[in-house]
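Data block below; observations after.
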Amino acid sequence: MIALAPLANLPALESNRLLLRRLCMRDAPDIFDYSRDPEVARHVLWSAHTSVSESRSYIRYMLRRYRLGEPSSWGIVLKSENRVVGTVGFMWIQEENASAEVGYSLGRAYWNQGVMTEALRMVVDFGFRQLRLNRIEAQHEVDNPASGAVMRKAGMTYEGTLRQRLCNKGRFVDVNLYAILRDEYAAKRA
């Protein structure tokens with residue numbers, strides 16, 4: 001049986017370099033700063049933000065999900081800069097199958113620095129230890145191999161390519177599916 005209670009009061013997660021915490025309205029300028037970049041928005045299902053107002057709308061959406069105890073995202077705070085540089089979290093959770101999907105986005109200035117791998121590992125750890133999930137999966141567009149590298153570094157295994165799985169910005173895209181199982185996670189920690 002999985003434990004969804006931690007979602008109702010989504011806790012902060014911390015490493016030496018990162019703080020994953022609930023978003024709040026004062027994060028809107030930080031979120032706008034990276035989400036307005038078309039390269040950041042290129043492989044995700046949302047379009048680049050054109051105003052701080054759009055970033056505020058996204059935060060309102062997350063605040064509603066926090067309040068309802070629904071799957072949601074943490075803001076990724078780089079401690080050295082004390083600002084939100086991305087988001088990572090659960091897109092959906094299936095209680096009956098003890099499985100979930102994670103998703104993420106990160107400001108371009110922080111790509112290739114291990115930030116997202118570190119954040120994703122923290123979320124995977126939370127999913128298995130706090131939510132007691134059995135399976136955590138993630139997907140990325142096939143023409144975004146850097147995202148697949150993040151998933152592999154976080155311990156996930158490539159499971160296959162799902163042809164034209166998503167319609168992103170008016171085009172059908174193939175995605176690569178990755179996942180990690182509870183037993184694999186436990187073996188890697190041992």
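Here, A, B, ... name the chains of the structure tokens in the order displayed, residue numbers run from 1 inside each chain, and ligands are numbered from 1 in the same displayed order.
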Do a neighbour search on Ile136 (chain A) at 6 Å with only C-alpha atoms, toss out local chain neighbours closer than 5 positions, and write the hits as a PDB file with all heavy atoms, in the first residue's frame.
ATOM      1  N   SER A  99       2.622   3.293  -8.722  1.00  0.00           N
ATOM      2  CA  SER A  99       3.545   3.820  -9.721  1.00  0.00           C
ATOM      3  C   SER A  99       3.293   5.310  -9.938  1.00  0.00           C
ATOM      4  O   SER A  99       2.231   5.834  -9.605  1.00  0.00           O
ATOM      5  CB  SER A  99       3.428   3.059 -11.041  1.00  0.00           C
ATOM      6  OG  SER A  99       2.144   3.252 -11.602  1.00  0.00           O
ATOM      7  N   ALA A 100       4.314   5.973 -10.487  1.00  0.00           N
ATOM      8  CA  ALA A 100       4.225   7.410 -10.700  1.00  0.00           C
ATOM      9  C   ALA A 100       5.122   7.799 -11.863  1.00  0.00           C
ATOM     10  O   ALA A 100       6.047   7.069 -12.238  1.00  0.00           O
ATOM     11  CB  ALA A 100       4.659   8.159  -9.442  1.00  0.00           C
ATOM     12  N   GLU A 101       4.831   8.989 -12.415  1.00  0.00           N
ATOM     13  CA  GLU A 101       5.709   9.578 -13.423  1.00  0.00           C
ATOM     14  C   GLU A 101       6.283  10.870 -12.864  1.00  0.00           C
ATOM     15  O   GLU A 101       5.577  11.648 -12.224  1.00  0.00           O
ATOM     16  CB  GLU A 101       4.943   9.905 -14.713  1.00  0.00           C
ATOM     17  CG  GLU A 101       5.853  10.523 -15.768  1.00  0.00           C
ATOM     18  CD  GLU A 101       5.116  11.011 -17.007  1.00  0.00           C
ATOM     19  OE1 GLU A 101       3.871  10.940 -17.048  1.00  0.00           O
ATOM     20  OE2 GLU A 101       5.796  11.480 -17.940  1.00  0.00           O
ATOM     21  N   ALA A 179      12.457   3.916 -16.454  1.00  0.00           N
ATOM     22  CA  ALA A 179      11.833   3.638 -15.160  1.00  0.00           C
ATOM     23  C   ALA A 179      12.850   3.027 -14.214  1.00  0.00           C
ATOM     24  O   ALA A 179      13.885   2.496 -14.628  1.00  0.00           O
ATOM     25  CB  ALA A 179      10.640   2.698 -15.320  1.00  0.00           C
ATOM     26  N   ILE A 180      12.527   3.133 -12.940  1.00  0.00           N
ATOM     27  CA  ILE A 180      13.285   2.450 -11.886  1.00  0.00           C
ATOM     28  C   ILE A 180      12.267   1.784 -10.966  1.00  0.00           C
ATOM     29  O   ILE A 180      11.212   2.367 -10.681  1.00  0.00           O
ATOM     30  CB  ILE A 180      14.230   3.409 -11.125  1.00  0.00           C
ATOM     31  CG1 ILE A 180      15.048   2.641 -10.082  1.00  0.00           C
ATOM     32  CG2 ILE A 180      13.471   4.584 -10.523  1.00  0.00           C
ATOM     33  CD1 ILE A 180      16.171   3.461  -9.459  1.00  0.00           C
TER      34      ILE A 180
END
* Backbone DSSP call of strand (DSSP E or B) for chain A, listed as a VMD selection string -> chain A and resid 13 to 14 18 to 21 73 to 78 83 to 94 99 to 106 135 to 141 157 to 168 171 to 181
* So which residues of region 2-187 of chain A fall under helix (DSSP H, G or I) by DSSP, listed as a ChimeraX atom specification? -> /A:5-8,25-35,38-41,52-68,95-97,108-110,115-129,145-153,182-187
Can you list, as a PDB file with C-alpha atoms, in the first residue's frame, every protein, DNA or RNA residue that comes within 6 Å of Ser35 (chain A) when you count only C-alpha atoms, leaving out same-chain residues fewer than 3 positions away?
ATOM      1  CA  ILE A  31      10.244  31.038 -12.858  1.00  0.00           C
ATOM      2  CA  PHE A  32       9.652  33.584 -15.590  1.00  0.00           C
ATOM      3  CA  ALA A  48       7.590  29.524 -23.203  1.00  0.00           C
ATOM      4  CA  HIS A  49       6.086  32.078 -20.828  1.00  0.00           C
TER       5      HIS A  49
END
* Asked: Do you know which residues are at most 12 Å from Gly160 (chain A) counting only C-alpha atoms, after dropping those on the same chain fewer than 5 positions away, and could you put them as number ranges by chain?
  -> A: 137-142, 148, 165, 174-179
* Find, counting only C-alpha atoms, the residue in A:Asn144, A:Ser15, A:Ser105, A:Asn168 that gets nearest to Lys79 (chain A). => A:Ser15
* Could you pull the residues within 10 Å of Asn112 (chain A), counting only C-alpha atoms, minus those fewer than 5 positions along the same chain, as a PyMOL selection string? -> chain A and resi 117+146+150
* Please provide as a ChimeraX atom specification all residues within 9 Å of Leu45 (chain A), with the sequence filter that same-chain residues fewer than 5 positions apart are discarded (counting only C-alpha atoms). => /A:166-169
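Pairwise distance (CA of Glu70 (chain A), CA of Phe128 (chain A)) equals 17.0 Å.
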* Excluding Leu181 (chain A) and any residue of its chain fewer than 3 positions from it, enumerate the residues within 12 Å of it, using only C-alpha atoms, and give them as a ChimeraX atom specification. => /A:98-100,124-125,127-128,132-137,155-157,159,178,184-188
* Asked: When distances are computed from only C-alpha atoms, which of A:Lys153, A:Arg67, A:Arg21, A:Arg129 shows the smallest separation from Val85 (chain A)?
  -> A:Arg21
